[in-house]
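Only one structure is covered here, and it is reproduced in the block below.
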Amino acid sequence: MKNRKMVRMAYRLILGREPESESVLNREFHDIYALREEFLSSAEFVKLFSPSAGSFWKDFSGFVDADIPLLEKYRFKEKIEGKEGFITDFIGIRHNLDCFPESYKSISGMVFENIPIPDDGFHAQTIEYVSSFIALENSNRSSYTMIELGAGWGPWMSICGTIAKKIGIKKINLIGVEGVKNKISYIKKHLTENNLRPESEDFETSFLYNKGEVNIKIYDGIVNTDGTSMDFPEVPLDAYGASLVNNIGAPLVKVKGFSISDIISPYSYIDFLHIDLQGYEKELIFENIDILKEKIKYLFIGTHSRSIEAFLIELLYKNNFKLLREQPCLVHWPDDYPENFIGCTHMDGSQFFVNKKYA
């Protein structure tokens, strides 16, 4: 594999710097996994990531040393066989490669056995797993409710649902909202593949497992401030996301809208709300702060600009939330004032809050 763009991204995301020369971008790797492994095993990365280093990763990794045993706790211990057409993560969850760029096909059938530091190798960074595990560890064992806004193929529904079953929560509610229509069927397939729903075309399903019940609800549409239908980008299945505020030139289609109140109201409280809306997080949280501070215990936000991050920290602290973990987004600042600051971000950030009402 020879891909200058991916090599450049490895320098930025793993080593936190630009390549030392243009010539190093021409290096060839067997596949993206080989590229990642070489960078993670490099002397430079090991030095940056050492516990004593006051480094890029020490400051911006989004997790602390005490989180590592928590990740190890939920790593699968038994032998797991890979499955062609899928990637298997360190929890044992299978992810359909149809939902990923074509370049990922080279790692079809791979099992990622190691805990996800600094990331899982294909999808998410450490902070995202730590956030979901902390919320699960602090849940009431009689019930657990999580919502994934901007669900994609439903990875966090499956991760949280799988762990909730493993620790024996009696009533598990998993809710997903996705505006890209061709991803809805993959949420259903993904949850079925990972033993979280029966095979069904229904948007709501329930089934019993040996310690309780699992209830699934999937919303085919977007979440917005008022629940009205809106034009939304129609993107390919393997695109990482579409946005109400950062249209990437894709054709627009009319999709149904749901308000936060529509989604949250059936539940007395939400253990874990996962938001990844490609830049729309600021407007959504600002317009719905009253219901969020009333009903959300733990809140994870994928952030898409530095200005959004600053705004949300101030807003949420004013409303009784506390920031537990963060990983600021990485930005390439232009010479002139940009048309869109979200477009300057080359690696999304993450923020994880607890509502002090429930702490």
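Labels used: A, B, ... for chains in the order of the structure tokens, numbers from 1 for residues in each chain, and numbers from 1 for ligands as shown.
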Which residues are close to Tyr129 (chain A), i.e. within 10 Å by only C-alpha atoms, leaving aside same-chain residues fewer than 4 positions away? Reply as a ChimeraX atom specification.
/A:63,67,70-71,115-116,119-120,124-125,133-134,156,159-160
Got a sec: who's within 12 Å of Tyr209 (chain A), counting only C-alpha atoms, leaving out chain neighbours fewer than 3 positions off, as a ChimeraX atom specification?
/A:161-162,164-166,168-172,195-198,206,212-215
Hey, can you spit out that residue selection with N, CA and C atoms as a PDB file, in the first residue's frame?
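So out21.pdb came out as:
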ATOM      1  N   GLY A 161     -24.339  -2.098  24.904  1.00  0.00           N
ATOM      2  CA  GLY A 161     -25.254  -3.215  25.120  1.00  0.00           C
ATOM      3  C   GLY A 161     -24.546  -4.502  25.491  1.00  0.00           C
ATOM      4  N   THR A 162     -23.432  -4.773  24.832  1.00  0.00           N
ATOM      5  CA  THR A 162     -22.663  -5.990  25.113  1.00  0.00           C
ATOM      6  C   THR A 162     -22.117  -5.979  26.537  1.00  0.00           C
ATOM      7  N   ALA A 164     -23.269  -4.143  29.040  1.00  0.00           N
ATOM      8  CA  ALA A 164     -24.408  -4.165  29.966  1.00  0.00           C
ATOM      9  C   ALA A 164     -24.891  -5.596  30.188  1.00  0.00           C
ATOM     10  N   LYS A 165     -24.927  -6.396  29.118  1.00  0.00           N
ATOM     11  CA  LYS A 165     -25.289  -7.813  29.274  1.00  0.00           C
ATOM     12  C   LYS A 165     -24.241  -8.555  30.106  1.00  0.00           C
ATOM     13  N   LYS A 166     -22.978  -8.248  29.847  1.00  0.00           N
ATOM     14  CA  LYS A 166     -21.898  -8.957  30.532  1.00  0.00           C
ATOM     15  C   LYS A 166     -21.948  -8.730  32.040  1.00  0.00           C
ATOM     16  N   GLY A 168     -24.641  -8.030  33.690  1.00  0.00           N
ATOM     17  CA  GLY A 168     -25.900  -8.541  34.215  1.00  0.00           C
ATOM     18  C   GLY A 168     -26.972  -7.515  34.511  1.00  0.00           C
ATOM     19  N   ILE A 169     -26.996  -6.402  33.771  1.00  0.00           N
ATOM     20  CA  ILE A 169     -28.056  -5.411  33.969  1.00  0.00           C
ATOM     21  C   ILE A 169     -29.381  -6.015  33.498  1.00  0.00           C
ATOM     22  N   LYS A 170     -30.405  -5.853  34.300  1.00  0.00           N
ATOM     23  CA  LYS A 170     -31.656  -6.575  34.054  1.00  0.00           C
ATOM     24  C   LYS A 170     -32.483  -5.992  32.915  1.00  0.00           C
ATOM     25  N   LYS A 171     -32.491  -4.679  32.781  1.00  0.00           N
ATOM     26  CA  LYS A 171     -33.259  -4.047  31.709  1.00  0.00           C
ATOM     27  C   LYS A 171     -32.348  -3.091  30.962  1.00  0.00           C
ATOM     28  N   ILE A 172     -32.097  -3.383  29.686  1.00  0.00           N
ATOM     29  CA  ILE A 172     -31.160  -2.609  28.870  1.00  0.00           C
ATOM     30  C   ILE A 172     -31.934  -1.934  27.740  1.00  0.00           C
ATOM     31  N   ASN A 195     -25.668 -10.195  18.712  1.00  0.00           N
ATOM     32  CA  ASN A 195     -26.600 -10.802  19.679  1.00  0.00           C
ATOM     33  C   ASN A 195     -27.312  -9.771  20.554  1.00  0.00           C
ATOM     34  N   LEU A 196     -27.706  -8.649  19.931  1.00  0.00           N
ATOM     35  CA  LEU A 196     -28.413  -7.611  20.664  1.00  0.00           C
ATOM     36  C   LEU A 196     -29.820  -7.343  20.131  1.00  0.00           C
ATOM     37  N   ARG A 197     -30.204  -8.045  19.087  1.00  0.00           N
ATOM     38  CA  ARG A 197     -31.585  -7.950  18.620  1.00  0.00           C
ATOM     39  C   ARG A 197     -31.877  -9.168  17.748  1.00  0.00           C
ATOM     40  N   PRO A 198     -33.135  -9.603  17.698  1.00  0.00           N
ATOM     41  CA  PRO A 198     -33.484 -10.690  16.780  1.00  0.00           C
ATOM     42  C   PRO A 198     -33.479 -10.181  15.347  1.00  0.00           C
ATOM     43  N   SER A 206     -37.588  -6.216  21.189  1.00  0.00           N
ATOM     44  CA  SER A 206     -37.238  -6.597  22.557  1.00  0.00           C
ATOM     45  C   SER A 206     -36.994  -8.101  22.591  1.00  0.00           C
ATOM     46  N   GLY A 212     -31.971 -10.877  31.854  1.00  0.00           N
ATOM     47  CA  GLY A 212     -32.922  -9.776  31.758  1.00  0.00           C
ATOM     48  C   GLY A 212     -33.451  -9.579  30.357  1.00  0.00           C
ATOM     49  N   GLU A 213     -33.671  -8.323  29.973  1.00  0.00           N
ATOM     50  CA  GLU A 213     -34.230  -8.021  28.665  1.00  0.00           C
ATOM     51  C   GLU A 213     -33.471  -6.884  28.001  1.00  0.00           C
ATOM     52  N   VAL A 214     -33.469  -6.912  26.670  1.00  0.00           N
ATOM     53  CA  VAL A 214     -32.838  -5.856  25.866  1.00  0.00           C
ATOM     54  C   VAL A 214     -33.910  -5.250  24.969  1.00  0.00           C
ATOM     55  N   ASN A 215     -34.032  -3.927  25.028  1.00  0.00           N
ATOM     56  CA  ASN A 215     -34.999  -3.202  24.217  1.00  0.00           C
ATOM     57  C   ASN A 215     -34.253  -2.267  23.271  1.00  0.00           C
TER      58      ASN A 215
END
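One distance worth recording is that between CA of Lys356 (chain A) and CA of Asp290 (chain A), which is 14.2 Å.
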Write out as a tab-separated table the residues of region 272-319 of chain A that have any atom within 10 Å of an atom of region 326-350 of chain A, one row each with the nearest atom pair and its distance in Å to one decimal, counting only C-alpha atoms, sorted by chain and then rising number.
residue	atom	partner	partner_atom	distance
A:Ile275	CA	A:Ser350	CA	9.8
A:Asp276	CA	A:Ser350	CA	9.3
A:Gln278	CA	A:Ile342	CA	8.5
A:Gly279	CA	A:Ile342	CA	6.7
A:Phe300	CA	A:Ser350	CA	7.2
A:Ile301	CA	A:Ser350	CA	5.7
A:Gly302	CA	A:Ser350	CA	4.7
A:Thr303	CA	A:Gly349	CA	4.7
A:His304	CA	A:Asp348	CA	5.2
A:Ser305	CA	A:Ile342	CA	5.1
A:Arg306	CA	A:Cys329	CA	6.6
A:Ser307	CA	A:Phe341	CA	8.1
A:Ile308	CA	A:Ile342	CA	8.9
A:Glu309	CA	A:Pro328	CA	7.5
A:Ala310	CA	A:Pro328	CA	9.8
Long-range neighbours of region 141-151 of chain A as a count of residues only, 9 Å cut-off, only C-alpha atoms, 5 positions minimum in chain:
40
Within 10 Å of region 23-44 of chain A, which residues of region 49-144 of chain A show up? Give each one with its shortest atom-to-atom distance in Å (one decimal) and the two atoms involved, counting only C-alpha atoms, rows by chain then rising residue number, as JSON lines.
{"residue": "A:Phe49", "atom": "CA", "partner": "A:Glu44", "partner_atom": "CA", "distance": 8.6}
{"residue": "A:Ser103", "atom": "CA", "partner": "A:Ile32", "partner_atom": "CA", "distance": 7.5}
{"residue": "A:Tyr104", "atom": "CA", "partner": "A:Ile32", "partner_atom": "CA", "distance": 7.2}
{"residue": "A:Lys105", "atom": "CA", "partner": "A:Asp31", "partner_atom": "CA", "distance": 9.3}
{"residue": "A:Ser106", "atom": "CA", "partner": "A:Asp31", "partner_atom": "CA", "distance": 6.3}
{"residue": "A:Ile107", "atom": "CA", "partner": "A:Tyr33", "partner_atom": "CA", "distance": 7.2}
{"residue": "A:Met110", "atom": "CA", "partner": "A:Tyr33", "partner_atom": "CA", "distance": 9.6}
{"residue": "A:Ile117", "atom": "CA", "partner": "A:Leu40", "partner_atom": "CA", "distance": 9.3}
{"residue": "A:Pro118", "atom": "CA", "partner": "A:Leu40", "partner_atom": "CA", "distance": 8.7}
{"residue": "A:Gly121", "atom": "CA", "partner": "A:Tyr33", "partner_atom": "CA", "distance": 7.1}
{"residue": "A:Phe122", "atom": "CA", "partner": "A:Tyr33", "partner_atom": "CA", "distance": 8.5}
Selection from above, N, CA and C atoms, as a tab-separated table (two decimals), in the first residue's frame, can you write it?
chain	number	residue	atom	x	y	z
A	49	PHE	N	4.92	8.61	24.73
A	49	PHE	CA	3.82	8.07	25.51
A	49	PHE	C	4.25	7.53	26.87
A	103	SER	N	-10.21	0.91	1.65
A	103	SER	CA	-8.86	0.54	2.09
A	103	SER	C	-8.87	-0.42	3.28
A	104	TYR	N	-9.96	-0.45	4.04
A	104	TYR	CA	-10.04	-1.33	5.20
A	104	TYR	C	-10.27	-2.79	4.81
A	105	LYS	N	-10.60	-3.04	3.56
A	105	LYS	CA	-10.88	-4.42	3.14
A	105	LYS	C	-9.66	-5.31	3.32
A	106	SER	N	-8.49	-4.69	3.34
A	106	SER	CA	-7.26	-5.49	3.49
A	106	SER	C	-7.14	-6.11	4.88
A	107	ILE	N	-7.91	-5.64	5.86
A	107	ILE	CA	-7.84	-6.23	7.20
A	107	ILE	C	-9.11	-7.02	7.51
A	110	MET	N	-9.73	-9.57	10.60
A	110	MET	CA	-8.75	-9.32	11.65
A	110	MET	C	-9.43	-9.19	13.01
A	117	ILE	N	-5.27	1.74	22.83
A	117	ILE	CA	-4.41	2.87	23.16
A	117	ILE	C	-3.43	3.08	22.03
A	118	PRO	N	-3.41	4.23	21.37
A	118	PRO	CA	-4.23	5.43	21.59
A	118	PRO	C	-5.61	5.36	20.93
A	121	GLY	N	-7.58	1.18	16.33
A	121	GLY	CA	-6.99	0.77	15.06
A	121	GLY	C	-7.88	0.91	13.86
A	122	PHE	N	-9.16	1.24	14.08
A	122	PHE	CA	-10.05	1.33	12.92
A	122	PHE	C	-11.22	2.29	13.10
Could you pull out all residues of region 180-356 of chain A with a DSSP call of strand (DSSP E or B) and give them as a VMD selection string?
chain A and resid 204 to 209 212 to 220 222 to 224 230 to 233 252 to 255 257 to 259 270 to 275 296 to 303 321 to 327 330 to 331 345 to 347 349 to 355
Those same residues, written as a CSV table (one decimal), in the first residue's frame with C-alpha atoms?
chain,number,residue,atom,x,y,z
A,204,GLU,CA,-38.4,-1.5,17.9
A,205,THR,CA,-37.5,-4.9,19.2
A,206,SER,CA,-37.2,-6.6,22.6
A,207,PHE,CA,-35.9,-10.0,23.6
A,208,LEU,CA,-35.0,-11.8,26.8
A,209,TYR,CA,-31.5,-12.9,27.7
A,212,GLY,CA,-32.9,-9.8,31.8
A,213,GLU,CA,-34.2,-8.0,28.7
A,214,VAL,CA,-32.8,-5.9,25.9
A,215,ASN,CA,-35.0,-3.2,24.2
A,216,ILE,CA,-33.9,-1.6,21.0
A,217,LYS,CA,-35.4,1.6,19.4
A,218,ILE,CA,-34.0,3.0,16.1
A,219,TYR,CA,-35.0,6.4,14.7
A,220,ASP,CA,-34.8,6.8,11.0
A,222,ILE,CA,-32.1,13.4,12.2
A,223,VAL,CA,-32.2,14.9,15.7
A,224,ASN,CA,-32.5,18.7,15.6
A,230,MET,CA,-35.1,19.0,7.0
A,231,ASP,CA,-32.8,18.6,4.0
A,232,PHE,CA,-29.8,16.4,4.9
A,233,PRO,CA,-26.8,15.3,2.9
A,252,LEU,CA,-29.7,16.8,-0.2
A,253,VAL,CA,-32.7,14.7,0.7
A,254,LYS,CA,-35.7,15.5,2.9
A,255,VAL,CA,-35.5,13.5,6.2
A,257,GLY,CA,-36.7,15.2,12.3
A,258,PHE,CA,-36.9,14.3,16.0
A,259,SER,CA,-36.4,16.6,18.9
A,270,ILE,CA,-30.5,8.5,30.6
A,271,ASP,CA,-27.3,6.8,31.8
A,272,PHE,CA,-25.2,7.7,28.8
A,273,LEU,CA,-25.9,10.1,25.9
A,274,HIS,CA,-23.4,9.8,23.0
A,275,ILE,CA,-23.5,12.7,20.6
A,296,ILE,CA,-28.7,13.0,31.4
A,297,LYS,CA,-26.2,11.4,33.9
A,298,TYR,CA,-23.2,11.0,31.6
A,299,LEU,CA,-22.6,12.9,28.4
A,300,PHE,CA,-20.1,12.2,25.6
A,301,ILE,CA,-19.7,14.7,22.8
A,302,GLY,CA,-17.7,14.3,19.6
A,303,THR,CA,-16.4,17.9,19.0
A,321,PHE,CA,-22.0,19.4,34.5
A,322,LYS,CA,-18.3,18.6,35.3
A,323,LEU,CA,-15.8,17.7,32.6
A,324,LEU,CA,-14.2,14.3,33.4
A,325,ARG,CA,-12.1,13.7,30.3
A,326,GLU,CA,-11.3,15.6,27.2
A,327,GLN,CA,-9.2,15.2,24.0
A,330,LEU,CA,-6.5,18.9,16.2
A,331,VAL,CA,-6.6,21.8,13.8
A,345,THR,CA,-10.3,20.4,12.0
A,346,HIS,CA,-8.4,17.3,10.8
A,347,MET,CA,-9.0,15.1,13.9
A,349,GLY,CA,-12.1,16.0,19.6
A,350,SER,CA,-14.0,14.5,22.5
A,351,GLN,CA,-15.5,15.7,25.8
A,352,PHE,CA,-16.9,13.6,28.6
A,353,PHE,CA,-19.1,15.1,31.3
A,354,VAL,CA,-20.9,14.0,34.4
A,355,ASN,CA,-24.1,15.7,35.6
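Nearest to Gly227 (chain A) of all the residues A:Leu316, A:Ala10, A:Ile93, A:Ile260 is A:Ile260, based on only C-alpha atoms.
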Which one of A:Ile127, A:Leu191, A:Val245, A:Ala135 sits closest to Trp153 (chain A) if you count only C-alpha atoms?
A:Leu191
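Going from CA of Lys188 (chain A) to CA of Cys99 (chain A) covers 12.9 Å.
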Counting only C-alpha atoms, figure out which residue out of A:Phe112, A:Lys79, A:Glu22, A:Lys293 gets nearest to Val7 (chain A).
A:Glu22
Go through region 10-249 of chain A and collect every residue that DSSP, computed from the backbone, puts in helix (DSSP H, G or I); the answer should be as a PyMOL selection string.
chain A and resi 10-15+23-26+32-40+43-49+56-60+65-73+97-99+102-107+126-137+155-166+181-193
What would the file look like if the residues just selected were written as an mmCIF file, in the first residue's frame with C-alpha atoms?
data_model
loop_
_atom_site.group_PDB
_atom_site.id
_atom_site.type_symbol
_atom_site.label_atom_id
_atom_site.label_comp_id
_atom_site.auth_asym_id
_atom_site.auth_seq_id
_atom_site.Cartn_x
_atom_site.Cartn_y
_atom_site.Cartn_z
ATOM 1 C CA ALA A 10 -0.335 8.784 10.768
ATOM 2 C CA TYR A 11 2.316 11.399 11.545
ATOM 3 C CA ARG A 12 -0.327 13.867 12.675
ATOM 4 C CA LEU A 13 -2.584 11.533 14.657
ATOM 5 C CA ILE A 14 -0.011 9.197 16.236
ATOM 6 C CA LEU A 15 3.127 11.321 16.577
ATOM 7 C CA SER A 23 9.993 11.936 0.781
ATOM 8 C CA VAL A 24 8.890 9.912 3.831
ATOM 9 C CA LEU A 25 5.329 10.045 2.505
ATOM 10 C CA ASN A 26 6.325 7.676 -0.299
ATOM 11 C CA ILE A 32 -3.234 0.344 7.039
ATOM 12 C CA TYR A 33 -2.781 -1.962 10.020
ATOM 13 C CA ALA A 34 0.919 -2.403 9.216
ATOM 14 C CA LEU A 35 1.199 1.391 8.910
ATOM 15 C CA ARG A 36 -0.387 1.893 12.317
ATOM 16 C CA GLU A 37 1.684 -0.813 14.012
ATOM 17 C CA GLU A 38 4.958 0.621 12.736
ATOM 18 C CA PHE A 39 4.145 4.078 14.075
ATOM 19 C CA LEU A 40 2.920 2.749 17.439
ATOM 20 C CA ALA A 43 10.953 4.771 19.451
ATOM 21 C CA GLU A 44 9.502 8.249 19.009
ATOM 22 C CA PHE A 45 5.997 7.152 19.989
ATOM 23 C CA VAL A 46 7.223 5.065 22.939
ATOM 24 C CA LYS A 47 9.153 8.061 24.239
ATOM 25 C CA LEU A 48 6.200 10.410 23.751
ATOM 26 C CA PHE A 49 3.821 8.068 25.512
ATOM 27 C CA PHE A 56 1.586 15.668 23.333
ATOM 28 C CA TRP A 57 0.023 12.321 24.233
ATOM 29 C CA LYS A 58 0.407 12.829 27.986
ATOM 30 C CA ASP A 59 -1.483 16.121 27.739
ATOM 31 C CA PHE A 60 -4.014 15.257 25.047
ATOM 32 C CA ASP A 65 -3.421 5.802 33.906
ATOM 33 C CA ALA A 66 -6.245 4.662 36.184
ATOM 34 C CA ASP A 67 -8.416 4.014 33.111
ATOM 35 C CA ILE A 68 -6.161 1.244 31.788
ATOM 36 C CA PRO A 69 -7.399 -1.466 34.219
ATOM 37 C CA LEU A 70 -10.965 -0.558 33.215
ATOM 38 C CA LEU A 71 -10.140 -1.201 29.558
ATOM 39 C CA GLU A 72 -8.451 -4.482 30.483
ATOM 40 C CA LYS A 73 -11.499 -5.521 32.500
ATOM 41 C CA LEU A 97 -16.507 -3.686 6.714
ATOM 42 C CA ASP A 98 -19.223 -2.430 4.364
ATOM 43 C CA CYS A 99 -19.409 0.572 6.714
ATOM 44 C CA GLU A 102 -12.419 0.470 0.714
ATOM 45 C CA SER A 103 -8.860 0.543 2.088
ATOM 46 C CA TYR A 104 -10.039 -1.331 5.205
ATOM 47 C CA LYS A 105 -10.878 -4.418 3.139
ATOM 48 C CA SER A 106 -7.264 -5.488 3.493
ATOM 49 C CA ILE A 107 -7.837 -6.229 7.198
ATOM 50 C CA THR A 126 -9.338 5.564 23.950
ATOM 51 C CA ILE A 127 -11.445 8.330 25.497
ATOM 52 C CA GLU A 128 -14.604 7.069 23.799
ATOM 53 C CA TYR A 129 -14.274 3.591 25.302
ATOM 54 C CA VAL A 130 -13.321 4.955 28.727
ATOM 55 C CA SER A 131 -16.357 7.262 28.737
ATOM 56 C CA SER A 132 -18.807 4.494 27.891
ATOM 57 C CA PHE A 133 -17.253 2.127 30.464
ATOM 58 C CA ILE A 134 -17.344 4.724 33.263
ATOM 59 C CA ALA A 135 -21.042 5.328 32.594
ATOM 60 C CA LEU A 136 -21.707 1.575 32.673
ATOM 61 C CA GLU A 137 -19.687 1.044 35.855
ATOM 62 C CA PRO A 155 -21.112 0.908 17.280
ATOM 63 C CA TRP A 156 -21.763 2.461 20.691
ATOM 64 C CA MET A 157 -25.181 0.858 20.957
ATOM 65 C CA SER A 158 -23.475 -2.518 20.514
ATOM 66 C CA ILE A 159 -20.502 -1.771 22.757
ATOM 67 C CA CYS A 160 -22.661 -0.492 25.610
ATOM 68 C CA GLY A 161 -25.254 -3.215 25.120
ATOM 69 C CA THR A 162 -22.663 -5.990 25.113
ATOM 70 C CA ILE A 163 -21.013 -4.758 28.318
ATOM 71 C CA ALA A 164 -24.408 -4.165 29.966
ATOM 72 C CA LYS A 165 -25.289 -7.813 29.274
ATOM 73 C CA LYS A 166 -21.898 -8.957 30.532
ATOM 74 C CA LYS A 181 -31.026 6.271 5.386
ATOM 75 C CA ASN A 182 -28.720 3.633 3.935
ATOM 76 C CA LYS A 183 -27.129 3.159 7.365
ATOM 77 C CA ILE A 184 -30.362 2.198 9.119
ATOM 78 C CA SER A 185 -30.343 -1.375 7.830
ATOM 79 C CA TYR A 186 -26.731 -1.723 8.980
ATOM 80 C CA ILE A 187 -27.631 -0.696 12.528
ATOM 81 C CA LYS A 188 -30.124 -3.569 12.531
ATOM 82 C CA LYS A 189 -27.610 -5.991 10.995
ATOM 83 C CA HIS A 190 -24.861 -4.891 13.357
ATOM 84 C CA LEU A 191 -26.936 -5.397 16.493
ATOM 85 C CA THR A 192 -28.194 -8.761 15.235
ATOM 86 C CA GLU A 193 -24.633 -9.898 14.399
#
